[in-house]
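Engineer: I am attaching a structure below and will ask some questions about it afterwards.
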Amino acid sequence: MAVNEDQEMELEALRSIYEGDDCFKELNPVTFQYRVGDHGDSKAFLIEVSWPETYPEMAPVINMNAFFNNSISSAVKQNITAKLQEQVEANLGTAMMYTLFEYAKDNKEQLMENHQPINNAVTSSGTDNATMTSNAASSVKKRNKKEQLTKAQKRKIAERTDHRGELPRGWNWVDVIKHLYNKPCDLLSLIIH
């Protein structure tokens with residue numbers, strides 16, 4: 001898609017304004033995404049805006065169908081799109097991307113006031129829920145289970161330990177004298193330096 005002079009100027013401005021901002025993403029020179037809110041925020045949403053060839057004289061295309069917005073109901077998405085379209089109509093003919101993103105950021109609570117997170121996992125009956133909880137309980141039991149040892153491993157541990165199951169004192173100590181004998185060291189040179 002060809003980019004006109006107004007679009008080039010706005011693109012340059014957007015790049016300088018949002019440089020280093022994790023919320024802003026340029027998909028291509030005419031398509032942008034802006035995340036309103038943090039990743040962990042249940043009321044966060046992602047706006048995707050595309051410029052037609054005659055932008056800014058013609059309204060940009062606002063899309064809320066990004067995967068990030070799967071937990072948002074379609075009614076809330078339509079409400080956000082309608083509010084952003086009002087801002088587009090008010091700013092038609094001028095560079096408006098910064099205005100749209102800042103409007104969404106400043107009015108996030110108002111735009112998401114009717115938001116109830118959607119759980120995308122669908123269960124068909126109550127017995128499925130009981131099965132899921134019993135599966136979860138069995139997986140917890142599996143995690144808490146001790147590692148099984150072979151007979152040889154058990155025998156080796158028993159040979160190293162005393163009658164109380166404890167290792168004898170100094171079982172992993174280094175024989176200092178043998179070590180020094182193998183690595184002779186001139187004590188005088190250590191003292192002088």
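By order of appearance in the structure tokens: chains A, B, ..., then residues from 1 within every chain, and ligands from 1 in the order shown.
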Could you make a table, as JSON lines, of the residues of region 14-37 of chain A that have an atom within 12 Å of an atom of region 63-75 of chain A, each with its nearest atom pair and distance in Å to one decimal, counting only C-alpha atoms, in chain and number order?
Structural biologist:
{"residue": "A:Thr31", "atom": "CA", "partner": "A:Asn63", "partner_atom": "CA", "distance": 10.4}
{"residue": "A:Phe32", "atom": "CA", "partner": "A:Asn63", "partner_atom": "CA", "distance": 10.2}
{"residue": "A:Gln33", "atom": "CA", "partner": "A:Asn63", "partner_atom": "CA", "distance": 9.3}
{"residue": "A:Tyr34", "atom": "CA", "partner": "A:Met64", "partner_atom": "CA", "distance": 10.6}
{"residue": "A:Arg35", "atom": "CA", "partner": "A:Phe68", "partner_atom": "CA", "distance": 9.0}
{"residue": "A:Val36", "atom": "CA", "partner": "A:Asn69", "partner_atom": "CA", "distance": 11.0}
{"residue": "A:Gly37", "atom": "CA", "partner": "A:Phe68", "partner_atom": "CA", "distance": 11.6}
Engineer: So which residues touch Gln116 (chain A) within 10 Å, counting only C-alpha atoms, skipping near sequence neighbours fewer than 2 positions away, as a PyMOL selection string?
Structural biologist: chain A and resi 42-43+71-73+76+112-114+118-119
Engineer: Write the residues of the selection above to a file with C-alpha atoms, as a JSON list (two decimals), in the first residue's frame.
Structural biologist:
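Output file out22.json follows:
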[["chain", "number", "residue", "atom", "x", "y", "z"],
["A", 42, "SER", "CA", -8.07, -8.26, 33.32],
["A", 43, "LYS", "CA", -9.33, -5.00, 31.78],
["A", 71, "SER", "CA", -11.59, -12.72, 26.98],
["A", 72, "ILE", "CA", -13.62, -9.59, 26.12],
["A", 73, "SER", "CA", -17.27, -9.96, 25.14],
["A", 76, "VAL", "CA", -17.73, -4.54, 25.05],
["A", 112, "MET", "CA", -14.32, -1.52, 30.09],
["A", 113, "GLU", "CA", -16.99, -0.79, 32.75],
["A", 114, "ASN", "CA", -19.31, -3.58, 31.54],
["A", 118, "ILE", "CA", -15.16, -14.72, 29.44],
["A", 119, "ASN", "CA", -13.90, -18.21, 30.26]]
Engineer: Interatomic distance between CA of Ala82 (chain A) and CA of Ile47 (chain A)?
Structural biologist: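 Computing the Euclidean distance for CA of Ala82 (chain A) and CA of Ile47 (chain A) yields 12.5 Å.
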Engineer: Go ahead and compute the interatomic distance for CA of Glu57 (chain A) and CA of Ala104 (chain A), in Å to one decimal.
Structural biologist: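 So the answer is 21.4 Å.
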Engineer: Write out as a VMD selection string which residues come within 12 Å of Glu86 (chain A) when counting only C-alpha atoms, dropping same-chain ones fewer than 6 positions away.
Structural biologist: chain A and resid 59 62 79 to 80 92 96 99 to 100 103 to 104
Engineer: Mind giving me the straight-line distance from CA of Gly20 (chain A) to CA of Phe45 (chain A) in Å, one decimal?
Structural biologist: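 Going from CA of Gly20 (chain A) over to CA of Phe45 (chain A) covers 19.3 Å.
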Engineer: Could you tell me which of A:His115, A:Lys83, A:Lys105, A:Lys77 comes closest to Cys23 (chain A) if we count only C-alpha atoms?
Structural biologist: A:Lys105
